[in-house]
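Asks: What follows is the file query15.txt, containing compact mmCIF, N, CA and C atoms:
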# COMPACT_ATOMS: atom_id res chain seq x y z
N MET C 1 94.08 50.19 115.22
CA MET C 1 95.37 49.64 115.63
C MET C 1 96.20 50.74 116.28
N ALA C 2 96.87 50.44 117.36
CA ALA C 2 97.65 51.43 118.10
C ALA C 2 98.93 51.78 117.36
N GLU C 3 99.36 53.03 117.52
CA GLU C 3 100.63 53.44 116.94
C GLU C 3 101.77 52.83 117.74
N ASN C 4 102.95 52.75 117.12
CA ASN C 4 104.16 52.23 117.74
C ASN C 4 104.00 50.81 118.27
N LYS C 5 103.23 50.00 117.56
CA LYS C 5 103.04 48.60 117.93
C LYS C 5 104.20 47.80 117.34
N ILE C 6 104.67 46.83 118.08
CA ILE C 6 105.74 45.95 117.60
C ILE C 6 105.16 44.56 117.41
N TYR C 7 105.41 43.99 116.22
CA TYR C 7 104.94 42.64 115.91
C TYR C 7 106.14 41.70 115.86
N THR C 8 105.98 40.53 116.46
CA THR C 8 107.02 39.50 116.46
C THR C 8 106.97 38.72 115.15
N VAL C 9 107.96 37.89 114.94
CA VAL C 9 107.99 37.07 113.73
C VAL C 9 106.78 36.13 113.69
N GLU C 10 106.34 35.64 114.84
CA GLU C 10 105.16 34.77 114.87
C GLU C 10 103.92 35.51 114.41
N GLU C 11 103.78 36.77 114.82
CA GLU C 11 102.64 37.58 114.39
C GLU C 11 102.74 37.94 112.91
N ILE C 12 103.95 38.17 112.44
CA ILE C 12 104.15 38.46 111.02
C ILE C 12 103.75 37.24 110.19
N MET C 13 104.02 36.05 110.69
CA MET C 13 103.64 34.83 109.99
C MET C 13 102.12 34.68 109.91
N ASP C 14 101.38 35.32 110.82
CA ASP C 14 99.92 35.34 110.73
C ASP C 14 99.46 36.28 109.62
N MET C 15 100.30 37.25 109.25
CA MET C 15 99.94 38.25 108.24
C MET C 15 100.37 37.85 106.83
N LEU C 16 101.54 37.25 106.73
CA LEU C 16 102.13 36.92 105.43
C LEU C 16 102.16 35.41 105.22
N PRO C 17 102.02 34.97 103.98
CA PRO C 17 102.09 33.52 103.72
C PRO C 17 103.52 33.01 103.66
N HIS C 18 104.51 33.87 103.64
CA HIS C 18 105.91 33.48 103.49
C HIS C 18 106.39 32.65 104.67
N ARG C 19 107.23 31.68 104.37
CA ARG C 19 107.86 30.84 105.38
C ARG C 19 109.32 30.65 105.00
N TYR C 20 110.11 30.13 105.95
CA TYR C 20 111.51 29.88 105.71
C TYR C 20 111.68 29.09 104.41
N PRO C 21 112.61 29.46 103.56
CA PRO C 21 113.60 30.54 103.69
C PRO C 21 113.15 31.86 103.08
N PHE C 22 111.87 32.02 102.78
CA PHE C 22 111.42 33.21 102.07
C PHE C 22 110.83 34.30 102.97
N LEU C 23 110.62 34.03 104.25
CA LEU C 23 110.18 35.08 105.15
C LEU C 23 111.41 35.89 105.53
N LEU C 24 111.42 37.16 105.18
CA LEU C 24 112.61 38.00 105.33
C LEU C 24 112.42 39.14 106.32
N VAL C 25 111.40 39.05 107.18
CA VAL C 25 111.17 40.08 108.20
C VAL C 25 111.08 39.39 109.55
N ASP C 26 111.96 39.78 110.47
CA ASP C 26 111.97 39.19 111.80
C ASP C 26 111.11 39.96 112.80
N ARG C 27 110.91 41.25 112.54
CA ARG C 27 110.12 42.08 113.45
C ARG C 27 109.57 43.28 112.66
N LEU C 28 108.40 43.74 113.06
CA LEU C 28 107.78 44.91 112.44
C LEU C 28 107.45 45.92 113.52
N GLU C 29 107.93 47.14 113.32
CA GLU C 29 107.63 48.25 114.23
C GLU C 29 106.73 49.21 113.47
N VAL C 30 105.47 49.28 113.86
CA VAL C 30 104.51 50.15 113.19
C VAL C 30 104.57 51.54 113.82
N GLU C 31 104.87 52.53 112.99
CA GLU C 31 104.88 53.92 113.47
C GLU C 31 103.52 54.57 113.25
N ILE C 32 102.96 54.41 112.06
CA ILE C 32 101.61 54.89 111.74
C ILE C 32 100.90 53.72 111.06
N PRO C 33 99.85 53.18 111.66
CA PRO C 33 99.19 51.99 111.12
C PRO C 33 98.83 52.13 109.63
N GLY C 34 99.27 51.15 108.85
CA GLY C 34 98.98 51.12 107.42
C GLY C 34 99.73 52.15 106.60
N GLU C 35 100.54 52.98 107.24
CA GLU C 35 101.19 54.09 106.54
C GLU C 35 102.72 54.07 106.61
N LYS C 36 103.26 53.79 107.81
CA LYS C 36 104.70 53.94 108.00
C LYS C 36 105.19 52.98 109.06
N GLY C 37 106.32 52.32 108.77
CA GLY C 37 106.88 51.40 109.74
C GLY C 37 108.28 50.97 109.38
N VAL C 38 108.84 50.15 110.26
CA VAL C 38 110.20 49.65 110.08
C VAL C 38 110.19 48.14 110.29
N GLY C 39 110.74 47.42 109.32
CA GLY C 39 110.93 45.99 109.46
C GLY C 39 112.38 45.72 109.79
N LEU C 40 112.62 44.67 110.54
CA LEU C 40 113.99 44.29 110.87
C LEU C 40 114.29 42.90 110.36
N LYS C 41 115.48 42.75 109.82
CA LYS C 41 115.96 41.45 109.35
C LYS C 41 117.37 41.27 109.88
N ASN C 42 117.55 40.28 110.73
CA ASN C 42 118.89 39.96 111.22
C ASN C 42 119.55 39.02 110.21
N VAL C 43 120.60 39.50 109.60
CA VAL C 43 121.27 38.75 108.54
C VAL C 43 122.35 37.88 109.18
N THR C 44 122.23 36.56 108.99
CA THR C 44 123.21 35.65 109.57
C THR C 44 123.87 34.81 108.49
N MET C 45 125.01 34.24 108.82
CA MET C 45 125.72 33.38 107.88
C MET C 45 124.92 32.12 107.56
N ASN C 46 123.90 31.81 108.37
CA ASN C 46 123.09 30.62 108.15
C ASN C 46 122.08 30.78 107.02
N GLU C 47 121.96 31.97 106.44
CA GLU C 47 121.01 32.18 105.34
C GLU C 47 121.40 31.28 104.17
N GLU C 48 120.40 30.63 103.58
CA GLU C 48 120.68 29.71 102.47
C GLU C 48 121.33 30.39 101.28
N PHE C 49 120.96 31.65 101.02
CA PHE C 49 121.48 32.31 99.82
C PHE C 49 122.98 32.55 99.89
N PHE C 50 123.58 32.55 101.08
CA PHE C 50 125.02 32.78 101.17
C PHE C 50 125.83 31.61 100.63
N GLN C 51 125.23 30.44 100.51
CA GLN C 51 125.96 29.29 99.95
C GLN C 51 126.36 29.53 98.51
N GLY C 52 125.59 30.34 97.79
CA GLY C 52 125.91 30.56 96.39
C GLY C 52 126.09 32.03 96.02
N HIS C 53 126.03 32.94 96.99
CA HIS C 53 126.09 34.38 96.67
C HIS C 53 126.92 35.11 97.70
N PHE C 54 128.07 35.27 97.60
CA PHE C 54 129.15 34.68 96.82
C PHE C 54 130.03 33.91 97.79
N PRO C 55 130.26 32.63 97.56
CA PRO C 55 131.10 31.85 98.49
C PRO C 55 132.44 32.54 98.71
N GLY C 56 132.85 32.65 99.97
CA GLY C 56 134.11 33.30 100.30
C GLY C 56 133.98 34.80 100.50
N ASN C 57 132.91 35.39 99.98
CA ASN C 57 132.64 36.82 100.16
C ASN C 57 131.12 37.01 100.18
N PRO C 58 130.46 36.52 101.24
CA PRO C 58 129.00 36.51 101.26
C PRO C 58 128.38 37.91 101.24
N VAL C 59 127.46 38.11 100.31
CA VAL C 59 126.73 39.36 100.16
C VAL C 59 125.25 39.01 99.99
N MET C 60 124.37 39.70 100.72
CA MET C 60 122.93 39.46 100.57
C MET C 60 122.48 39.98 99.21
N PRO C 61 121.81 39.14 98.42
CA PRO C 61 121.35 39.59 97.10
C PRO C 61 120.43 40.82 97.21
N GLY C 62 120.66 41.77 96.32
CA GLY C 62 119.86 42.99 96.31
C GLY C 62 118.38 42.72 96.13
N VAL C 63 118.04 41.74 95.29
CA VAL C 63 116.62 41.46 95.07
C VAL C 63 115.94 40.99 96.35
N LEU C 64 116.69 40.33 97.23
CA LEU C 64 116.11 39.90 98.50
C LEU C 64 115.96 41.08 99.47
N GLN C 65 116.82 42.08 99.34
CA GLN C 65 116.65 43.30 100.13
C GLN C 65 115.35 44.00 99.72
N ILE C 66 115.08 44.05 98.43
CA ILE C 66 113.83 44.66 97.93
C ILE C 66 112.64 43.82 98.38
N GLU C 67 112.75 42.51 98.30
CA GLU C 67 111.67 41.63 98.76
C GLU C 67 111.41 41.84 100.25
N ALA C 68 112.46 42.01 101.04
CA ALA C 68 112.29 42.25 102.48
C ALA C 68 111.55 43.56 102.72
N MET C 69 111.87 44.61 101.94
CA MET C 69 111.13 45.87 102.06
C MET C 69 109.67 45.68 101.69
N ALA C 70 109.42 44.93 100.62
CA ALA C 70 108.05 44.69 100.18
C ALA C 70 107.27 43.89 101.22
N GLN C 71 107.90 42.89 101.83
CA GLN C 71 107.24 42.13 102.89
C GLN C 71 106.94 43.03 104.09
N THR C 72 107.84 43.94 104.40
CA THR C 72 107.60 44.89 105.48
C THR C 72 106.37 45.73 105.17
N ALA C 73 106.29 46.24 103.95
CA ALA C 73 105.14 47.06 103.54
C ALA C 73 103.86 46.23 103.58
N GLY C 74 103.92 44.99 103.09
CA GLY C 74 102.74 44.13 103.09
C GLY C 74 102.25 43.86 104.49
N ALA C 75 103.16 43.53 105.40
CA ALA C 75 102.77 43.28 106.79
C ALA C 75 102.23 44.55 107.43
N LEU C 76 102.80 45.70 107.08
CA LEU C 76 102.32 46.98 107.61
C LEU C 76 100.86 47.22 107.21
N VAL C 77 100.54 46.97 105.94
CA VAL C 77 99.17 47.17 105.47
C VAL C 77 98.23 46.14 106.12
N ILE C 78 98.60 44.87 106.08
CA ILE C 78 97.76 43.81 106.63
C ILE C 78 97.50 44.04 108.13
N SER C 79 98.53 44.50 108.85
CA SER C 79 98.37 44.70 110.30
C SER C 79 97.34 45.79 110.62
N SER C 80 97.06 46.66 109.66
CA SER C 80 96.11 47.75 109.91
C SER C 80 94.66 47.32 109.74
N PHE C 81 94.43 46.11 109.19
CA PHE C 81 93.07 45.61 109.02
C PHE C 81 92.59 44.97 110.32
N GLU C 82 91.34 45.24 110.67
CA GLU C 82 90.76 44.55 111.82
C GLU C 82 90.66 43.06 111.49
N ASN C 83 90.87 42.25 112.49
CA ASN C 83 90.77 40.79 112.33
C ASN C 83 91.61 40.27 111.17
N TYR C 84 92.84 40.77 111.03
CA TYR C 84 93.67 40.36 109.90
C TYR C 84 93.92 38.85 109.86
N LYS C 85 93.90 38.18 111.01
CA LYS C 85 94.12 36.74 111.03
C LYS C 85 92.99 36.00 110.30
N GLU C 86 91.76 36.52 110.43
CA GLU C 86 90.62 35.86 109.82
C GLU C 86 90.40 36.30 108.37
N ASN C 87 90.84 37.51 108.02
CA ASN C 87 90.59 38.05 106.67
C ASN C 87 91.35 37.33 105.57
N LYS C 88 92.52 36.82 105.87
CA LYS C 88 93.35 36.09 104.90
C LYS C 88 93.55 36.88 103.61
N LYS C 89 93.93 38.15 103.75
CA LYS C 89 94.24 38.96 102.58
C LYS C 89 95.71 38.79 102.26
N GLY C 90 96.04 38.88 100.99
CA GLY C 90 97.43 38.77 100.56
C GLY C 90 97.86 40.05 99.88
N VAL C 91 99.15 40.26 99.85
CA VAL C 91 99.73 41.42 99.20
C VAL C 91 100.57 40.91 98.03
N PHE C 92 100.29 41.41 96.83
CA PHE C 92 100.97 40.92 95.63
C PHE C 92 101.72 42.06 94.96
N PHE C 93 103.02 41.84 94.72
CA PHE C 93 103.89 42.77 94.01
C PHE C 93 103.33 43.09 92.63
N MET C 94 103.34 44.34 92.23
CA MET C 94 102.93 44.73 90.88
C MET C 94 104.07 45.38 90.10
N SER C 95 104.86 46.22 90.77
CA SER C 95 105.98 46.86 90.08
C SER C 95 107.02 47.34 91.08
N ILE C 96 108.23 47.55 90.56
CA ILE C 96 109.34 48.08 91.35
C ILE C 96 109.99 49.17 90.51
N ASP C 97 110.23 50.33 91.11
CA ASP C 97 110.82 51.46 90.39
C ASP C 97 111.93 52.09 91.22
N GLY C 98 112.84 52.75 90.54
CA GLY C 98 113.88 53.55 91.20
C GLY C 98 114.75 52.77 92.15
N VAL C 99 115.07 51.53 91.81
CA VAL C 99 115.89 50.70 92.68
C VAL C 99 117.34 51.16 92.64
N LYS C 100 117.92 51.27 93.83
CA LYS C 100 119.34 51.61 93.93
C LYS C 100 119.95 50.76 95.04
N PHE C 101 121.11 50.21 94.76
CA PHE C 101 121.87 49.46 95.75
C PHE C 101 123.12 50.28 96.07
N ARG C 102 123.30 50.60 97.33
CA ARG C 102 124.36 51.53 97.74
C ARG C 102 125.57 50.85 98.37
N LYS C 103 125.33 49.84 99.21
CA LYS C 103 126.41 49.17 99.93
C LYS C 103 126.06 47.70 100.10
N PRO C 104 127.06 46.83 100.18
CA PRO C 104 126.76 45.40 100.39
C PRO C 104 126.25 45.14 101.80
N VAL C 105 125.37 44.14 101.90
CA VAL C 105 124.85 43.67 103.18
C VAL C 105 125.50 42.32 103.45
N LYS C 106 126.12 42.20 104.62
CA LYS C 106 126.93 41.03 104.94
C LYS C 106 126.37 40.31 106.17
N PRO C 107 126.78 39.07 106.40
CA PRO C 107 126.38 38.38 107.62
C PRO C 107 126.77 39.20 108.85
N GLY C 108 125.88 39.23 109.83
CA GLY C 108 126.11 40.02 111.04
C GLY C 108 125.43 41.37 111.01
N ASP C 109 125.00 41.80 109.82
CA ASP C 109 124.30 43.08 109.69
C ASP C 109 122.86 42.94 110.16
N GLN C 110 122.29 44.05 110.63
CA GLN C 110 120.85 44.11 110.88
C GLN C 110 120.29 45.08 109.85
N LEU C 111 119.42 44.55 108.99
CA LEU C 111 118.78 45.34 107.95
C LEU C 111 117.54 45.99 108.56
N ARG C 112 117.47 47.31 108.52
CA ARG C 112 116.30 48.06 109.00
C ARG C 112 115.60 48.63 107.78
N MET C 113 114.40 48.10 107.48
CA MET C 113 113.67 48.48 106.27
C MET C 113 112.60 49.49 106.62
N HIS C 114 112.84 50.75 106.26
CA HIS C 114 111.90 51.83 106.51
C HIS C 114 110.98 51.93 105.30
N VAL C 115 109.69 51.78 105.51
CA VAL C 115 108.73 51.88 104.42
C VAL C 115 107.65 52.90 104.77
N GLU C 116 107.19 53.59 103.73
CA GLU C 116 106.15 54.58 103.92
C GLU C 116 105.23 54.57 102.71
N LYS C 117 103.93 54.54 102.98
CA LYS C 117 102.95 54.58 101.90
C LYS C 117 102.95 55.98 101.30
N ILE C 118 103.06 56.06 99.97
CA ILE C 118 103.03 57.37 99.33
C ILE C 118 101.77 57.57 98.50
N LYS C 119 101.06 56.47 98.23
CA LYS C 119 99.83 56.59 97.46
C LYS C 119 98.97 55.35 97.69
N GLU C 120 97.66 55.55 97.64
CA GLU C 120 96.72 54.44 97.75
C GLU C 120 95.57 54.72 96.79
N HIS C 121 95.23 53.71 96.01
CA HIS C 121 94.09 53.83 95.09
C HIS C 121 93.31 52.52 95.16
N GLY C 122 92.24 52.51 95.95
CA GLY C 122 91.47 51.28 96.13
C GLY C 122 92.32 50.24 96.83
N ARG C 123 92.54 49.11 96.16
CA ARG C 123 93.34 48.02 96.73
C ARG C 123 94.81 48.08 96.32
N VAL C 124 95.20 49.15 95.61
CA VAL C 124 96.58 49.28 95.14
C VAL C 124 97.31 50.31 96.01
N TYR C 125 98.50 49.92 96.47
CA TYR C 125 99.31 50.75 97.34
C TYR C 125 100.68 50.97 96.71
N VAL C 126 101.20 52.19 96.86
CA VAL C 126 102.56 52.51 96.41
C VAL C 126 103.35 52.89 97.65
N PHE C 127 104.52 52.26 97.81
CA PHE C 127 105.39 52.50 98.95
C PHE C 127 106.76 52.96 98.49
N ARG C 128 107.39 53.75 99.34
CA ARG C 128 108.80 54.09 99.17
C ARG C 128 109.52 53.40 100.32
N GLY C 129 110.64 52.76 100.00
CA GLY C 129 111.37 52.06 101.04
C GLY C 129 112.86 52.33 100.97
N GLN C 130 113.47 52.30 102.13
CA GLN C 130 114.92 52.38 102.25
C GLN C 130 115.35 51.34 103.26
N SER C 131 116.41 50.62 102.93
CA SER C 131 117.01 49.69 103.88
C SER C 131 118.31 50.29 104.37
N LEU C 132 118.50 50.21 105.69
CA LEU C 132 119.69 50.77 106.30
C LEU C 132 120.41 49.72 107.13
N VAL C 133 121.73 49.84 107.18
CA VAL C 133 122.57 49.06 108.08
C VAL C 133 123.44 50.07 108.80
N ASP C 134 123.42 50.03 110.12
CA ASP C 134 124.19 50.98 110.93
C ASP C 134 123.92 52.43 110.54
N GLY C 135 122.66 52.73 110.21
CA GLY C 135 122.27 54.10 109.89
C GLY C 135 122.61 54.56 108.49
N LYS C 136 123.21 53.68 107.67
CA LYS C 136 123.58 54.04 106.30
C LYS C 136 122.66 53.32 105.31
N VAL C 137 122.20 54.04 104.30
CA VAL C 137 121.32 53.45 103.29
C VAL C 137 122.10 52.43 102.47
N VAL C 138 121.55 51.22 102.38
CA VAL C 138 122.18 50.17 101.58
C VAL C 138 121.38 49.87 100.32
N SER C 139 120.06 50.14 100.35
CA SER C 139 119.23 49.95 99.15
C SER C 139 117.96 50.77 99.31
N GLU C 140 117.33 51.06 98.18
CA GLU C 140 116.08 51.82 98.20
C GLU C 140 115.29 51.53 96.94
N ALA C 141 113.98 51.76 97.03
CA ALA C 141 113.10 51.51 95.88
C ALA C 141 111.71 52.06 96.18
N GLU C 142 110.94 52.23 95.11
CA GLU C 142 109.50 52.43 95.22
C GLU C 142 108.85 51.18 94.65
N PHE C 143 107.79 50.72 95.28
CA PHE C 143 107.14 49.52 94.79
C PHE C 143 105.65 49.63 94.96
N THR C 144 104.95 48.96 94.05
CA THR C 144 103.49 48.96 94.01
C THR C 144 103.01 47.55 94.30
N ALA C 145 101.96 47.46 95.10
CA ALA C 145 101.39 46.16 95.45
C ALA C 145 99.88 46.26 95.51
N MET C 146 99.23 45.12 95.37
CA MET C 146 97.78 45.05 95.43
C MET C 146 97.37 44.10 96.55
N ILE C 147 96.30 44.47 97.25
CA ILE C 147 95.75 43.62 98.30
C ILE C 147 94.63 42.80 97.68
N ALA C 148 94.66 41.48 97.91
CA ALA C 148 93.62 40.60 97.37
C ALA C 148 93.41 39.46 98.36
N LYS C 149 92.28 38.78 98.21
CA LYS C 149 92.02 37.59 99.03
C LYS C 149 92.74 36.41 98.47
So, in terms of structure tokens, how does the structure I just supplied come out?
Replies:
Amino acid sequence: MAENKIYTVEEIMDMLPHRYPFLLVDRLEVEIPGEKGVGLKNVTMNEEFFQGHFPGNPVMPGVLQIEAMAQTAGALVISSFENYKENKKGVFFMSIDGVKFRKPVKPGDQLRMHVEKIKEHGRVYVFRGQSLVDGKVVSEAEFTAMIAK
């Protein structure tokens, strides 16, 4: 797979089983295949979660920011496999560590999820992720996932 490849939301949907409203990555920019990349999520007032979190002061739930980072990491790994459309491999969350929420994410923000693989053991991957809005860290975590059919 070529470096600096950009995947559209349609291509991401070929990699991940998630669909609206649970697909939280609009674009994937691969810097190093299977190792490092950036996911983008355009946060709009039309998101379903804003109806209940928090009406009158909409804030993107932190757990969804972590899920968006994890989806970015999953798509990054899946995109590095040859014939990923035919392989039908899935990425399953195993653990989340060191979570920190720094600033609220609001409608109109663009969430840039920087993820980097820090360890791999067989089918188990450990990633470090940071989400940024306007160049400022809004959330971060380390997470472990497993690749399975």
Asks: Please report the interatomic distance between atom CA of Glu82 of chain C and atom N of Arg123 of chain C in Å with one decimal.
Replies: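 Computing it gives 16.4 Å between the two atoms.
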Asks: List as a compact mmCIF listing (two decimals) with N, CA and C atoms, in the coordinates of the input the protein and nucleic acid residues near segment 56-69 of chain C, meaning an atom at most 10 Å away when only C-alpha atoms are counted, but skip any in the same chain fewer than 6 places from it.
Replies:
# COMPACT_ATOMS: atom_id res chain seq x y z
N PHE C 22 111.87 32.02 102.78
CA PHE C 22 111.42 33.21 102.07
C PHE C 22 110.83 34.30 102.97
N LEU C 23 110.62 34.03 104.25
CA LEU C 23 110.18 35.08 105.15
C LEU C 23 111.41 35.89 105.53
N LEU C 24 111.42 37.16 105.18
CA LEU C 24 112.61 38.00 105.33
C LEU C 24 112.42 39.14 106.32
N VAL C 25 111.40 39.05 107.18
CA VAL C 25 111.17 40.08 108.20
C VAL C 25 111.08 39.39 109.55
N ASP C 26 111.96 39.78 110.47
CA ASP C 26 111.97 39.19 111.80
C ASP C 26 111.11 39.96 112.80
N VAL C 38 108.84 50.15 110.26
CA VAL C 38 110.20 49.65 110.08
C VAL C 38 110.19 48.14 110.29
N GLY C 39 110.74 47.42 109.32
CA GLY C 39 110.93 45.99 109.46
C GLY C 39 112.38 45.72 109.79
N LEU C 40 112.62 44.67 110.54
CA LEU C 40 113.99 44.29 110.87
C LEU C 40 114.29 42.90 110.36
N LYS C 41 115.48 42.75 109.82
CA LYS C 41 115.96 41.45 109.35
C LYS C 41 117.37 41.27 109.88
N VAL C 43 120.60 39.50 109.60
CA VAL C 43 121.27 38.75 108.54
C VAL C 43 122.35 37.88 109.18
N THR C 44 122.23 36.56 108.99
CA THR C 44 123.21 35.65 109.57
C THR C 44 123.87 34.81 108.49
N MET C 45 125.01 34.24 108.82
CA MET C 45 125.72 33.38 107.88
C MET C 45 124.92 32.12 107.56
N GLU C 47 121.96 31.97 106.44
CA GLU C 47 121.01 32.18 105.34
C GLU C 47 121.40 31.28 104.17
N PHE C 49 120.96 31.65 101.02
CA PHE C 49 121.48 32.31 99.82
C PHE C 49 122.98 32.55 99.89
N PHE C 50 123.58 32.55 101.08
CA PHE C 50 125.02 32.78 101.17
C PHE C 50 125.83 31.61 100.63
N ALA C 75 103.16 43.53 105.40
CA ALA C 75 102.77 43.28 106.79
C ALA C 75 102.23 44.55 107.43
N PHE C 93 103.02 41.84 94.72
CA PHE C 93 103.89 42.77 94.01
C PHE C 93 103.33 43.09 92.63
N ILE C 96 108.23 47.55 90.56
CA ILE C 96 109.34 48.08 91.35
C ILE C 96 109.99 49.17 90.51
N VAL C 99 115.07 51.53 91.81
CA VAL C 99 115.89 50.70 92.68
C VAL C 99 117.34 51.16 92.64
N LYS C 100 117.92 51.27 93.83
CA LYS C 100 119.34 51.61 93.93
C LYS C 100 119.95 50.76 95.04
N PHE C 101 121.11 50.21 94.76
CA PHE C 101 121.87 49.46 95.75
C PHE C 101 123.12 50.28 96.07
N ARG C 102 123.30 50.60 97.33
CA ARG C 102 124.36 51.53 97.74
C ARG C 102 125.57 50.85 98.37
N LYS C 103 125.33 49.84 99.21
CA LYS C 103 126.41 49.17 99.93
C LYS C 103 126.06 47.70 100.10
N PRO C 104 127.06 46.83 100.18
CA PRO C 104 126.76 45.40 100.39
C PRO C 104 126.25 45.14 101.80
N VAL C 105 125.37 44.14 101.90
CA VAL C 105 124.85 43.67 103.18
C VAL C 105 125.50 42.32 103.45
N LYS C 106 126.12 42.20 104.62
CA LYS C 106 126.93 41.03 104.94
C LYS C 106 126.37 40.31 106.17
N PRO C 107 126.78 39.07 106.40
CA PRO C 107 126.38 38.38 107.62
C PRO C 107 126.77 39.20 108.85
N ASP C 109 125.00 41.80 109.82
CA ASP C 109 124.30 43.08 109.69
C ASP C 109 122.86 42.94 110.16
N LEU C 111 119.42 44.55 108.99
CA LEU C 111 118.78 45.34 107.95
C LEU C 111 117.54 45.99 108.56
N ARG C 112 117.47 47.31 108.52
CA ARG C 112 116.30 48.06 109.00
C ARG C 112 115.60 48.63 107.78
N MET C 113 114.40 48.10 107.48
CA MET C 113 113.67 48.48 106.27
C MET C 113 112.60 49.49 106.62
N HIS C 114 112.84 50.75 106.26
CA HIS C 114 111.90 51.83 106.51
C HIS C 114 110.98 51.93 105.30
N VAL C 115 109.69 51.78 105.51
CA VAL C 115 108.73 51.88 104.42
C VAL C 115 107.65 52.90 104.77
N PHE C 127 104.52 52.26 97.81
CA PHE C 127 105.39 52.50 98.95
C PHE C 127 106.76 52.96 98.49
N ARG C 128 107.39 53.75 99.34
CA ARG C 128 108.80 54.09 99.17
C ARG C 128 109.52 53.40 100.32
N GLY C 129 110.64 52.76 100.00
CA GLY C 129 111.37 52.06 101.04
C GLY C 129 112.86 52.33 100.97
N GLN C 130 113.47 52.30 102.13
CA GLN C 130 114.92 52.38 102.25
C GLN C 130 115.35 51.34 103.26
N SER C 131 116.41 50.62 102.93
CA SER C 131 117.01 49.69 103.88
C SER C 131 118.31 50.29 104.37
N VAL C 138 121.55 51.22 102.38
CA VAL C 138 122.18 50.17 101.58
C VAL C 138 121.38 49.87 100.32
N SER C 139 120.06 50.14 100.35
CA SER C 139 119.23 49.95 99.15
C SER C 139 117.96 50.77 99.31
N GLU C 140 117.33 51.06 98.18
CA GLU C 140 116.08 51.82 98.20
C GLU C 140 115.29 51.53 96.94
N ALA C 141 113.98 51.76 97.03
CA ALA C 141 113.10 51.51 95.88
C ALA C 141 111.71 52.06 96.18
N GLU C 142 110.94 52.23 95.11
CA GLU C 142 109.50 52.43 95.22
C GLU C 142 108.85 51.18 94.65
N PHE C 143 107.79 50.72 95.28
CA PHE C 143 107.14 49.52 94.79
C PHE C 143 105.65 49.63 94.96
Asks: Counting only N, CA and C atoms, what is within 8 Å of Ile12 of chain C, bar same-chain residues fewer than 4 positions away, as a list in words?
Replies: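 Surrounding residues, per the criterion: Tyr7, Thr8, Leu16, Pro17, His18, Val25, Asp26, Arg27, Leu28 and Ala75 of chain C.
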Asks: Quick one: distance from atom CA of Met146 of chain C to atom C of Asn42 of chain C in Å, one decimal?
Replies: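 Atom CA of Met146 of chain C sits 27.0 Å away from atom C of Asn42 of chain C.
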Asks: Rounded to one decimal, what separation in Å do you get between atom CA of Lys88 of chain C and atom CA of Glu11 of chain C?
Replies: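 Straight-line distance from atom CA of Lys88 of chain C to atom CA of Glu11 of chain C works out to 13.4 Å.
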Asks: Between C:Gly98, C:Ser80, C:Gly108, C:Lys89, which one has atoms that come closest to Glu35 of chain C, using all atoms listed in the file?
Replies: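 Counting all atoms listed in the file, the residue closest to Glu35 of chain C is C:Ser80.
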Asks: Check the DSSP output for the backbone and give back, as a ChimeraX atom specification, the residues of chain C in helix (DSSP H, G or I).
Replies: /C:9-15,48-51,62-79,84-87
Asks: Have a look at C:Gln110, C:Ala148, C:Leu76, C:Lys119 and name the one nearest to Asp134 of chain C; count only N, CA and C atoms.
Replies: C:Gln110
